[in-house]
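Below is one structure, written out as structure tokens; the observations come after it.
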Amino acid sequence: MTRNFRLTVDLKGVLQGVGFRPAVARLVSDYNLDGWIRNQSAFVRLSICGPLDKIESFIAVLPKKLPPKGVFTSMERIALDEVTDWEKGFVIKESLSTLENRISIPEDLVMCDKCRTDIFDKNSRYYGYPFTSCTDCGPRYTVVKGMPYDRVTTTMQKFKMCPDCESEYSDFNDRRFHAQTIACPACGPSLSLFDNKKNRINCNPLKEARASIKNGKIVAVKGLGGFLLACDPFNEEAVKRLRLKKKRPHKPFAVMANGVEILKKYCLVSEIEEHTLTSSAGPIVILDFKTSEDVSRLVPKEFELIAPNTGTLGAMLPTTPLHQLLAMRLDGDDTPDFEFLIMTSGNRGGEPICTDNEDAFDTLVEIADLFLIHDRDIHFRNDDSIVMKCSENISIIRSGRGYSPSYLKLKNKISENVLAFGADLKNSISIGFNDEIITSPHIGDLENPVAIKGAEQIIKEFPRYLKFDAGAVVVDLHPDMHSSRLGRKYAEVLNIPVYEVQHHYAHGASVMAEYGLNESIALCFDGTGLGTDGTIWGAELMHINKQGFKRLGTFRPVHLPGGDAAVKEPVRQLIARFAQSDEKVDDSWLDRLNITKREFDAWTIQCKRGLNAPLTHAAGRLFDAFSALLGIAPKSITYEGQGAIWLEAAASQSKKSKDLAFETFVIDDFINVDFSGIFSSFAVAPPLKNDIPMLAMGFHKAIINAGFKMALFGRENTGCSTVVLSGGVMMNRIITNGLAELLKNNGFEVFLPQIVPVNDAGISIGQIYAFGGNR
């Protein structure tokens with residue numbers, strides 16, 4: 001007689017909201033076993049009954065049968081008992097909330113291929129339905145209001161399932177079995193179209209919105225994690241109007257392409273980039289345009305207004321049924337398919353994207369002509385993620401839809417529950433406990449009150465989901481950062497200690513956290529960060545280990561005449577470089593830079609006397625100054641990193657380079673890199689226009705060689721051959737690819753961030769690792 005057993009296990013990982021329970025139900029049926037499964041706050045509990053050999057075979061194969069976004073981290077066997085009587089069949093039990101702190105809410109998932117087929121199938125009840133989803137796709141993070149993850153803890157709670165949806169939800173052979181966001185035209189969310197005076201338009205919302213876009217209108221579209229502004233990228237007047245209304249004269253717009261093959265007509269799309277575009281994350285991917293026959297043209301003529309002077313295009317594919325139905329026509333719609341649509345953030349300049357219908361009406365009324373909205377609430381804001389190919393891998397620039405909340409497993413346990421508040425720009429909040437760091441999606445720049453409210457929502461709700469009590473707070477060393485003030489305020493309310501972590505130390509530590517490194521040399525190049533000596537750092541060579549960090553080198557400092565004004569006006573930074581060189585500057589520079597002699601003299605005196613001219617070591621400021629020297633940067637910067645981005649684009653036009661010499665000198669076991677000679681050599685006359693691409697490439701090679709010499713110095717002084725690269729400058733692919741290759745060819749082991757954003761969005765992760773994850 002066959003002996004039967006009941007095995008109960010607790011499964012941990014990202015298993016809630018990814019279709020895990022339905023997948024288990026189908027697998028249990030394949031093995032002819034019985035039992036039940038239940039979501040709990042901290043884990044998923046599974047109990048199965050049957051012959052022991054079948055149970056063990058099932059358990060062995062289970063981790064290999066996860067849904068696409070499922071992540072399995074551990075399995076704990078709770079009990080194994082022999083049984084003679086048990087309930088036959090397999091049941092998904094009602095979820096149970098527990099006190100243990102562990103969250104496994106997954107990221108929002110882009111529309112799957114089967115749902116895409118459904119919305120264009122006239123025989124499907126989901127034909128033309130913009131909120132079609134299943135267990136493999138649809139909203140997750142943006143609609144969740146509590147744990148465990150079930151319909152009643154999401155913003156879908158108010159939509160009662162119709163009998164047809166109930167039937168699919170209950171049938172474990174259906175791919176919508178226990179799909180918490182299941183909905184159809186009979187019972188789910190619906191679209192409406194409004195004008196910018198809040199008047200509802202009596203029409204087919206999708207059809208009218210598509211026709212309006214074709215006719216040059218700007219439409220605010222409520223997407224998965226917030227509003228987007230849509231218009232026809234090939235309608236010149238519409239794009240100009242969007243730029244004017246958004247007060248965004250130069251910053252590139254993201255586009256949505258109606259398929260990879262359409263993108264390939266204009267852009268170079270590698271295998272890994274195509275895989276990323278079509279993945280369940282579906283981020284915006286920064287792609288290079290195909291080389292033009294006109295070597296003077298950085299951007300194809302059709303895209304000049306969309307991505308001026310960059311040589312790249314930020315593109316994604318349709319991420320939801322709504323986006324797909326905007327791009328492609330249904331029967332009875334006379335508006336042709338769109339190859340591309342601009343899909344840019346639905347906000348005013350510098351603010352986070354709108355999520356609430358009323359807020360969108362108030363905020364976007366001066367920008368949008370029409371509002372395509374729906375009645376499914378967005379609980380958490382979530383921007384589109386942005387990634388790029390760097391050194392043959394994909395690196396995250398902005399972590400949002402599809403990638404966040406992110407979960408980073410550490411080698412060592414953190415001694416105390418900690419909440420890290422990150423930086424002011426590209427802010428993210430991280431929570432560290434046990435051996436894990438959980439990081440919020442991109443929040444935004446905290447100079448904006450709306451972004452601060454978003455950060456406060458994360459700070460309030462993430463610990464509630466986790467049942468997490470912070471024992472400490474970590475902030476940036478700079479006391480006047482909004483993030484630092486927010487962290488100190490939080491710590492004061494809870495009466496817990498606050499710890500400071502220097503900005504570039506956090507940059508290096510963030511990459512070490514991703515790879516589980518205990519020691520490294522860190523090259524952290526960016527635009528700013530308060531140093532322990534009170535000056536502005538930003539071109540840092542550090543040795544980082546379990547004891548902390550030691551600063552080993554930097555770029556020679558230079559004044560910023562006018563402080564923040566110099567960051568916005570790169571020409572001031574160029575004058576500061578000339579002032580540092582002590583060379584007589586030819587008067588021809590005044591016309592070239594479109595400045596007066598009075599301005600030139602005033603900025604020079606500021607630098608010579610140190611009047612409202614703080615010192616900076618930052619590599620980002622060096623890029624600004626050289627882009628001004630070449631006449632590439634505008635007189636006034638209109639978006640962060642503009643001068644550096646345009647300088648990289650200019651360099652990419654040239655396969656040749658002009659040598660630009662820099663000097664290094666060592667004082668007290670500290671290496672300094674001096675670029676003043678480069679600028680002094682141009683004091684006598686501006687460079688020739690034909691030389692600009694070669695000089696731009698020469699500048700990039702000088703930065704690469706400087707970083708390499710710094711790393712060599714670090715290895716000689718520490719014996720460490722492990723190098724991590726971080727900071728906003730490392731988003732420059734010429735720099736990162738060239739530096740990584742040079743280091744690897746000379747015996748270094750090089751680590752570039754992939755999961756952790758390379759810019760300030762990764763700071764909160766590094767703060768936690770520096771605080772306790774590397775101890």
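Going through the structure tokens in order, the chains are called A, B, and so on, while each chain numbers its residues from 1 and the ligands are numbered from 1 in the order shown.
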Can you list, as a short mmCIF file (atom, residue, chain, number, x, y, z; two decimals) with all heavy atoms, in the first residue's frame, all residues belonging to stretch 646-745 of chain A that DSSP tags as strand (DSSP E or B)?
```cif
data_model
loop_
_atom_site.label_atom_id
_atom_site.label_comp_id
_atom_site.auth_asym_id
_atom_site.auth_seq_id
_atom_site.Cartn_x
_atom_site.Cartn_y
_atom_site.Cartn_z
N GLU A 663 48.57 67.14 -16.56
CA GLU A 663 49.69 66.82 -15.66
C GLU A 663 49.16 66.15 -14.41
O GLU A 663 48.02 66.38 -14.00
CB GLU A 663 50.45 68.10 -15.29
CG GLU A 663 51.13 68.78 -16.46
CD GLU A 663 51.88 70.02 -16.03
OE1 GLU A 663 51.72 70.44 -14.86
OE2 GLU A 663 52.61 70.61 -16.86
N THR A 664 50.00 65.33 -13.81
CA THR A 664 49.69 64.76 -12.50
C THR A 664 50.84 65.06 -11.56
O THR A 664 52.01 65.10 -11.97
CB THR A 664 49.48 63.23 -12.57
OG1 THR A 664 50.69 62.61 -13.05
CG2 THR A 664 48.33 62.87 -13.49
N PHE A 665 50.50 65.30 -10.30
CA PHE A 665 51.54 65.50 -9.29
C PHE A 665 51.06 64.92 -7.97
O PHE A 665 49.86 64.91 -7.68
CB PHE A 665 51.93 66.97 -9.15
CG PHE A 665 50.78 67.90 -8.86
CD1 PHE A 665 50.47 68.26 -7.55
CD2 PHE A 665 50.01 68.43 -9.89
CE1 PHE A 665 49.43 69.12 -7.27
CE2 PHE A 665 48.97 69.31 -9.62
CZ PHE A 665 48.67 69.65 -8.31
N VAL A 666 52.01 64.40 -7.22
CA VAL A 666 51.69 63.72 -5.96
C VAL A 666 52.24 64.53 -4.80
O VAL A 666 53.42 64.88 -4.78
CB VAL A 666 52.26 62.29 -5.94
CG1 VAL A 666 51.99 61.61 -4.60
CG2 VAL A 666 51.67 61.46 -7.08
N ILE A 671 47.30 61.97 -5.17
CA ILE A 671 47.52 62.33 -6.57
C ILE A 671 46.54 63.42 -7.02
O ILE A 671 45.33 63.36 -6.74
CB ILE A 671 47.41 61.09 -7.50
CG1 ILE A 671 47.82 61.47 -8.94
CG2 ILE A 671 46.03 60.48 -7.47
CD1 ILE A 671 47.97 60.28 -9.87
N ASN A 672 47.07 64.43 -7.68
CA ASN A 672 46.27 65.51 -8.24
C ASN A 672 46.40 65.49 -9.76
O ASN A 672 47.50 65.29 -10.30
CB ASN A 672 46.76 66.87 -7.72
CG ASN A 672 46.54 67.04 -6.23
OD1 ASN A 672 45.52 67.55 -5.80
ND2 ASN A 672 47.52 66.58 -5.43
N VAL A 673 45.31 65.72 -10.46
CA VAL A 673 45.31 65.78 -11.91
C VAL A 673 44.99 67.21 -12.33
O VAL A 673 43.98 67.78 -11.90
CB VAL A 673 44.29 64.81 -12.52
CG1 VAL A 673 44.38 64.82 -14.05
CG2 VAL A 673 44.49 63.39 -12.00
N ASP A 674 45.86 67.78 -13.16
CA ASP A 674 45.76 69.19 -13.53
C ASP A 674 45.52 69.32 -15.03
O ASP A 674 46.35 68.92 -15.84
CB ASP A 674 47.04 69.91 -13.12
CG ASP A 674 46.98 71.41 -13.38
OD1 ASP A 674 45.92 71.90 -13.81
OD2 ASP A 674 48.02 72.08 -13.15
N THR A 722 40.89 45.82 -7.69
CA THR A 722 39.46 45.86 -7.98
C THR A 722 39.01 47.30 -8.09
O THR A 722 39.23 48.10 -7.17
CB THR A 722 38.67 45.15 -6.86
OG1 THR A 722 39.09 43.79 -6.77
CG2 THR A 722 37.18 45.19 -7.15
N VAL A 723 38.39 47.66 -9.20
CA VAL A 723 37.96 49.04 -9.44
C VAL A 723 36.46 49.06 -9.69
O VAL A 723 35.93 48.28 -10.48
CB VAL A 723 38.69 49.66 -10.65
CG1 VAL A 723 38.18 51.08 -10.91
CG2 VAL A 723 40.18 49.68 -10.42
N VAL A 724 35.76 49.99 -9.00
CA VAL A 724 34.35 50.26 -9.30
C VAL A 724 34.26 51.65 -9.91
O VAL A 724 34.98 52.57 -9.52
CB VAL A 724 33.46 50.14 -8.05
CG1 VAL A 724 33.50 48.74 -7.49
CG2 VAL A 724 33.83 51.17 -6.98
N LEU A 725 33.37 51.80 -10.88
CA LEU A 725 33.14 53.08 -11.56
C LEU A 725 31.74 53.56 -11.25
O LEU A 725 30.77 52.81 -11.41
CB LEU A 725 33.32 52.93 -13.07
CG LEU A 725 34.65 52.34 -13.57
CD1 LEU A 725 34.65 52.25 -15.10
CD2 LEU A 725 35.83 53.17 -13.09
N SER A 726 31.62 54.82 -10.81
CA SER A 726 30.31 55.34 -10.47
C SER A 726 30.29 56.85 -10.62
O SER A 726 31.32 57.49 -10.81
CB SER A 726 29.93 54.94 -9.03
OG SER A 726 28.57 55.25 -8.76
#
```
Please provide the set of residues having any atom within 7 Å of stretch 624-632 of chain A, restricted to only C-alpha atoms, with same-chain residues fewer than 4 positions apart removed, written as an mmCIF file with all heavy atoms, in the first residue's frame.
```
data_model
loop_
_atom_site.group_PDB
_atom_site.id
_atom_site.type_symbol
_atom_site.label_atom_id
_atom_site.label_comp_id
_atom_site.auth_asym_id
_atom_site.auth_seq_id
_atom_site.Cartn_x
_atom_site.Cartn_y
_atom_site.Cartn_z
ATOM 1 N N PRO A 570 27.978 77.717 -18.452
ATOM 2 C CA PRO A 570 29.311 77.112 -18.587
ATOM 3 C C PRO A 570 30.399 78.101 -18.996
ATOM 4 O O PRO A 570 31.576 77.871 -18.699
ATOM 5 C CB PRO A 570 29.096 76.050 -19.676
ATOM 6 C CG PRO A 570 27.654 75.710 -19.591
ATOM 7 C CD PRO A 570 26.965 76.991 -19.230
ATOM 8 N N VAL A 571 30.022 79.198 -19.651
ATOM 9 C CA VAL A 571 31.032 80.171 -20.065
ATOM 10 C C VAL A 571 31.767 80.729 -18.849
ATOM 11 O O VAL A 571 32.968 81.021 -18.908
ATOM 12 C CB VAL A 571 30.375 81.305 -20.896
ATOM 13 C CG1 VAL A 571 29.370 82.093 -20.078
ATOM 14 C CG2 VAL A 571 31.435 82.231 -21.466
ATOM 15 N N GLN A 573 32.551 79.050 -16.254
ATOM 16 C CA GLN A 573 33.531 78.030 -15.869
ATOM 17 C C GLN A 573 34.747 78.069 -16.793
ATOM 18 O O GLN A 573 35.874 77.827 -16.344
ATOM 19 C CB GLN A 573 32.872 76.655 -15.905
ATOM 20 C CG GLN A 573 31.710 76.517 -14.935
ATOM 21 C CD GLN A 573 31.119 75.130 -14.964
ATOM 22 O OE1 GLN A 573 31.844 74.145 -14.794
ATOM 23 N NE2 GLN A 573 29.818 75.030 -15.185
ATOM 24 N N LEU A 574 34.522 78.372 -18.060
ATOM 25 C CA LEU A 574 35.651 78.496 -18.986
ATOM 26 C C LEU A 574 36.535 79.673 -18.578
ATOM 27 O O LEU A 574 37.772 79.559 -18.576
ATOM 28 C CB LEU A 574 35.139 78.678 -20.414
ATOM 29 C CG LEU A 574 36.217 78.933 -21.481
ATOM 30 C CD1 LEU A 574 37.235 77.796 -21.514
ATOM 31 C CD2 LEU A 574 35.573 79.135 -22.846
ATOM 32 N N GLY A 620 32.398 66.797 -13.693
ATOM 33 C CA GLY A 620 31.293 67.328 -14.472
ATOM 34 C C GLY A 620 31.485 68.773 -14.863
ATOM 35 O O GLY A 620 31.123 69.200 -15.959
ATOM 36 N N GLY A 643 25.739 70.222 -21.401
ATOM 37 C CA GLY A 643 27.034 70.453 -22.038
ATOM 38 C C GLY A 643 27.803 69.168 -22.250
ATOM 39 O O GLY A 643 28.389 68.933 -23.316
ATOM 40 N N ALA A 644 27.804 68.294 -21.239
ATOM 41 C CA ALA A 644 28.526 67.016 -21.331
ATOM 42 C C ALA A 644 27.896 66.102 -22.372
ATOM 43 O O ALA A 644 28.603 65.402 -23.113
ATOM 44 C CB ALA A 644 28.543 66.338 -19.963
ATOM 45 N N TRP A 646 26.146 66.977 -25.063
ATOM 46 C CA TRP A 646 26.437 67.491 -26.400
ATOM 47 C C TRP A 646 27.915 67.306 -26.745
ATOM 48 O O TRP A 646 28.259 67.088 -27.919
ATOM 49 C CB TRP A 646 26.052 68.970 -26.475
ATOM 50 C CG TRP A 646 24.557 69.187 -26.517
ATOM 51 C CD1 TRP A 646 23.591 68.250 -26.313
ATOM 52 C CD2 TRP A 646 23.874 70.412 -26.778
ATOM 53 N NE1 TRP A 646 22.345 68.802 -26.419
ATOM 54 C CE2 TRP A 646 22.481 70.138 -26.710
ATOM 55 C CE3 TRP A 646 24.280 71.710 -27.055
ATOM 56 C CZ2 TRP A 646 21.511 71.124 -26.911
ATOM 57 C CZ3 TRP A 646 23.304 72.698 -27.261
ATOM 58 C CH2 TRP A 646 21.946 72.401 -27.190
ATOM 59 N N LEU A 647 28.784 67.366 -25.736
ATOM 60 C CA LEU A 647 30.214 67.142 -25.971
ATOM 61 C C LEU A 647 30.468 65.687 -26.371
ATOM 62 O O LEU A 647 31.245 65.399 -27.290
ATOM 63 C CB LEU A 647 31.006 67.499 -24.716
ATOM 64 C CG LEU A 647 32.528 67.462 -24.812
ATOM 65 C CD1 LEU A 647 33.049 68.466 -25.833
ATOM 66 C CD2 LEU A 647 33.153 67.742 -23.439
ATOM 67 N N PRO A 687 39.425 77.474 -30.942
ATOM 68 C CA PRO A 687 39.719 76.392 -31.888
ATOM 69 C C PRO A 687 38.953 76.558 -33.193
ATOM 70 O O PRO A 687 37.897 77.200 -33.244
ATOM 71 C CB PRO A 687 39.264 75.137 -31.138
ATOM 72 C CG PRO A 687 38.244 75.629 -30.161
ATOM 73 C CD PRO A 687 38.675 76.997 -29.767
ATOM 74 N N ILE A 692 36.668 70.707 -34.065
ATOM 75 C CA ILE A 692 35.856 70.493 -32.858
ATOM 76 C C ILE A 692 35.605 69.012 -32.561
ATOM 77 O O ILE A 692 35.812 68.564 -31.427
ATOM 78 C CB ILE A 692 34.543 71.302 -32.947
ATOM 79 C CG1 ILE A 692 34.856 72.784 -32.744
ATOM 80 C CG2 ILE A 692 33.523 70.820 -31.914
ATOM 81 C CD1 ILE A 692 33.673 73.703 -32.954
#
```
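Ranking A:Leu341, A:Met156, A:Leu317, A:Val475 by their shortest atom-to-atom distance to A:Val239, with only C-alpha atoms included, puts A:Leu341 first.
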- Test item: residues at most 7 Å from stretch 367-381 of chain A, only C-alpha atoms, excluding those fewer than 5 positions along its chain, as a VMD selection string: chain A and resid 141 to 145 155 to 156 189 to 196 217 to 222 225 to 226 242 245 to 246 355 357
Please identify which residues in stretch 650-757 of chain A DSSP calls helix (DSSP H, G or I) from the backbone, and express them as a PDB file with C-alpha atoms, in the first residue's frame.
```pdb
ATOM      1  CA  ALA A 650      30.379  65.786 -30.884  1.00  0.00           C
ATOM      2  CA  ALA A 651      33.153  63.344 -29.975  1.00  0.00           C
ATOM      3  CA  SER A 676      44.920  73.792 -16.763  1.00  0.00           C
ATOM      4  CA  GLY A 677      47.467  73.350 -19.565  1.00  0.00           C
ATOM      5  CA  ILE A 678      44.717  72.313 -21.965  1.00  0.00           C
ATOM      6  CA  PHE A 679      42.880  75.572 -21.436  1.00  0.00           C
ATOM      7  CA  SER A 680      45.977  77.792 -21.445  1.00  0.00           C
ATOM      8  CA  LYS A 689      35.357  74.702 -36.298  1.00  0.00           C
ATOM      9  CA  ASN A 690      36.637  71.720 -38.303  1.00  0.00           C
ATOM     10  CA  ASP A 691      38.748  70.616 -35.335  1.00  0.00           C
ATOM     11  CA  ILE A 692      35.856  70.493 -32.858  1.00  0.00           C
ATOM     12  CA  PRO A 693      34.948  66.763 -33.202  1.00  0.00           C
ATOM     13  CA  MET A 694      38.606  65.681 -32.940  1.00  0.00           C
ATOM     14  CA  LEU A 695      39.163  67.961 -29.947  1.00  0.00           C
ATOM     15  CA  ALA A 696      36.013  66.617 -28.297  1.00  0.00           C
ATOM     16  CA  MET A 697      37.306  63.076 -28.728  1.00  0.00           C
ATOM     17  CA  GLY A 698      40.742  64.156 -27.506  1.00  0.00           C
ATOM     18  CA  PHE A 699      39.162  65.550 -24.361  1.00  0.00           C
ATOM     19  CA  HIS A 700      37.391  62.250 -23.680  1.00  0.00           C
ATOM     20  CA  LYS A 701      40.640  60.353 -24.120  1.00  0.00           C
ATOM     21  CA  ALA A 702      42.358  62.736 -21.695  1.00  0.00           C
ATOM     22  CA  ILE A 703      39.695  61.968 -19.051  1.00  0.00           C
ATOM     23  CA  ILE A 704      40.110  58.228 -19.704  1.00  0.00           C
ATOM     24  CA  ASN A 705      43.882  58.441 -19.332  1.00  0.00           C
ATOM     25  CA  ALA A 706      43.546  60.555 -16.194  1.00  0.00           C
ATOM     26  CA  GLY A 707      41.217  57.987 -14.618  1.00  0.00           C
ATOM     27  CA  PHE A 708      43.630  55.223 -15.570  1.00  0.00           C
ATOM     28  CA  LYS A 709      46.602  57.020 -13.971  1.00  0.00           C
ATOM     29  CA  MET A 710      44.562  57.558 -10.828  1.00  0.00           C
ATOM     30  CA  ALA A 711      43.692  53.853 -10.670  1.00  0.00           C
ATOM     31  CA  LEU A 712      47.344  52.906 -11.146  1.00  0.00           C
ATOM     32  CA  PHE A 713      48.252  55.181  -8.239  1.00  0.00           C
ATOM     33  CA  GLY A 714      45.520  53.586  -6.141  1.00  0.00           C
ATOM     34  CA  ARG A 715      46.782  50.071  -6.866  1.00  0.00           C
ATOM     35  CA  GLU A 716      50.385  51.037  -6.090  1.00  0.00           C
ATOM     36  CA  ASN A 717      49.354  52.473  -2.725  1.00  0.00           C
ATOM     37  CA  THR A 718      46.824  49.865  -1.602  1.00  0.00           C
ATOM     38  CA  GLY A 728      26.958  60.744 -13.343  1.00  0.00           C
ATOM     39  CA  VAL A 729      29.983  61.160 -15.619  1.00  0.00           C
ATOM     40  CA  MET A 730      30.032  57.374 -16.003  1.00  0.00           C
ATOM     41  CA  MET A 731      26.803  57.647 -18.015  1.00  0.00           C
ATOM     42  CA  ARG A 733      29.678  55.738 -22.805  1.00  0.00           C
ATOM     43  CA  ILE A 734      32.895  56.920 -24.447  1.00  0.00           C
ATOM     44  CA  ILE A 735      34.416  57.460 -21.002  1.00  0.00           C
ATOM     45  CA  THR A 736      33.064  54.315 -19.389  1.00  0.00           C
ATOM     46  CA  ASN A 737      33.791  51.949 -22.275  1.00  0.00           C
ATOM     47  CA  GLY A 738      37.254  53.368 -22.855  1.00  0.00           C
ATOM     48  CA  LEU A 739      38.237  53.474 -19.199  1.00  0.00           C
ATOM     49  CA  ALA A 740      36.906  49.983 -18.441  1.00  0.00           C
ATOM     50  CA  GLU A 741      38.781  48.513 -21.421  1.00  0.00           C
ATOM     51  CA  LEU A 742      42.048  50.260 -20.508  1.00  0.00           C
ATOM     52  CA  LEU A 743      41.824  49.121 -16.896  1.00  0.00           C
ATOM     53  CA  LYS A 744      41.001  45.507 -17.817  1.00  0.00           C
TER      54      LYS A 744
END
```
- Task: Name all residues at most 12 Å from stretch 200-216 of chain A (count only C-alpha atoms; drop same-chain ones fewer than 6 positions away) and give them as a PyMOL selection string.
- Result: chain A and resi 128-130+190-194+229-242+321-343+368-374
- Query: What lies within 9 Å of A:Gly146 using only C-alpha atoms, ignoring chain neighbours under 6 positions off, as an MDAnalysis selection string?
  - Reply: chainID A and resid 152:154 461 464:465
- Task: Rank A:Phe578, A:Tyr639, A:Val498, A:His617 by their smallest atom-to-atom distance to A:Ala539, using only C-alpha atoms, and report the top residue only.
- Result: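 Of the candidates, the smallest distance to A:Ala539 is held by A:His617.
Interatomic distance, atom CA of A:Leu287 to atom CA of A:Gly422: 28.5 Å.
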Can you tell me which residues surround A:Pro300 at a distance of at most 9 Å, considering only C-alpha atoms, apart from same-chain residues fewer than 5 positions away, and format the answer as a PDB file with C-alpha atoms, in the first residue's frame?
```pdb
ATOM      1  CA  TYR A 266      16.494  54.913 -37.834  1.00  0.00           C
ATOM      2  CA  PHE A 289      21.015  56.813 -34.539  1.00  0.00           C
ATOM      3  CA  LYS A 290      22.315  55.168 -37.683  1.00  0.00           C
ATOM      4  CA  THR A 291      25.278  56.997 -39.169  1.00  0.00           C
ATOM      5  CA  SER A 292      24.124  59.693 -41.550  1.00  0.00           C
ATOM      6  CA  GLY A 311      23.077  61.593 -31.566  1.00  0.00           C
TER       7      GLY A 311
END
```
- In Å to one decimal, how far is atom CA of A:Ile284 from atom CA of A:Gly259? 13.1 Å
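Put simply, atom CA of A:Gly471 is 15.2 Å away from atom CA of A:Asp435.
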- Query: With only C-alpha atoms as the basis for distance, which of A:Asn594, A:Asn382, A:Asn759, A:Ser29 is at the shortest distance from A:Lys635?
  - Reply: A:Asn594
What are the nearest atom pairs, with distances in Å to one decimal, for all residues of stretch 46-138 of chain A that come at most 6 Å from stretch 394-414 of chain A, using only C-alpha atoms, set out by chain and rising residue number as CSV?
```
residue,atom,partner,partner_atom,distance
A:Glu107,CA,A:Gly402,CA,5.0
A:Asp108,CA,A:Gly402,CA,5.2
A:Leu109,CA,A:Gly402,CA,5.7
```
For the residues selected in the previous step, produce a file with N, CA, C and O atoms as an mmCIF file, in the first residue's frame.
```cif
data_model
loop_
_atom_site.group_PDB
_atom_site.id
_atom_site.type_symbol
_atom_site.label_atom_id
_atom_site.label_comp_id
_atom_site.auth_asym_id
_atom_site.auth_seq_id
_atom_site.Cartn_x
_atom_site.Cartn_y
_atom_site.Cartn_z
ATOM 1 N N GLU A 107 7.503 44.437 -9.656
ATOM 2 C CA GLU A 107 7.400 45.622 -10.486
ATOM 3 C C GLU A 107 6.182 45.517 -11.414
ATOM 4 O O GLU A 107 5.679 44.432 -11.665
ATOM 5 N N ASP A 108 5.732 46.660 -11.908
ATOM 6 C CA ASP A 108 4.705 46.652 -12.949
ATOM 7 C C ASP A 108 5.269 45.976 -14.202
ATOM 8 O O ASP A 108 6.450 46.128 -14.523
ATOM 9 N N LEU A 109 4.406 45.245 -14.901
ATOM 10 C CA LEU A 109 4.848 44.468 -16.064
ATOM 11 C C LEU A 109 4.177 44.967 -17.340
ATOM 12 O O LEU A 109 2.976 45.264 -17.349
#
```
- Query: Could you name the residues that touch stretch 274-280 of chain A at 9 Å or less, counting only C-alpha atoms, but leaving out those on the same chain fewer than 4 positions away, as number ranges by chain?
  - Reply: A: 68-69, 108-112, 136-137, 260, 269-270, 284-285, 315-317, 319, 387, 394, 402
Output file for the selection above: C-alpha atoms, as a compact mmCIF listing (two decimals), in the first residue's frame:
```
# COMPACT_ATOMS: atom_id res chain seq x y z
CA PRO A 68 8.98 35.35 -15.86
CA LYS A 69 9.24 37.96 -13.07
CA ASP A 108 4.71 46.65 -12.95
CA LEU A 109 4.85 44.47 -16.06
CA VAL A 110 4.38 45.50 -19.68
CA MET A 111 1.61 44.00 -21.80
CA CYS A 112 2.34 40.39 -22.77
CA ASP A 136 1.93 37.66 -16.75
CA CYS A 137 1.36 41.39 -17.22
CA VAL A 260 11.36 47.08 -33.06
CA VAL A 269 19.60 48.16 -32.18
CA SER A 270 21.90 45.48 -30.81
CA ILE A 284 13.12 53.41 -22.47
CA VAL A 285 16.41 52.40 -24.11
CA ALA A 315 12.73 54.87 -27.25
CA MET A 316 10.35 52.31 -25.81
CA LEU A 317 7.69 50.01 -27.21
CA THR A 319 3.87 49.20 -22.54
CA VAL A 387 18.53 52.25 -19.53
CA ILE A 394 22.57 47.15 -19.87
CA GLY A 402 9.58 47.35 -14.66
```
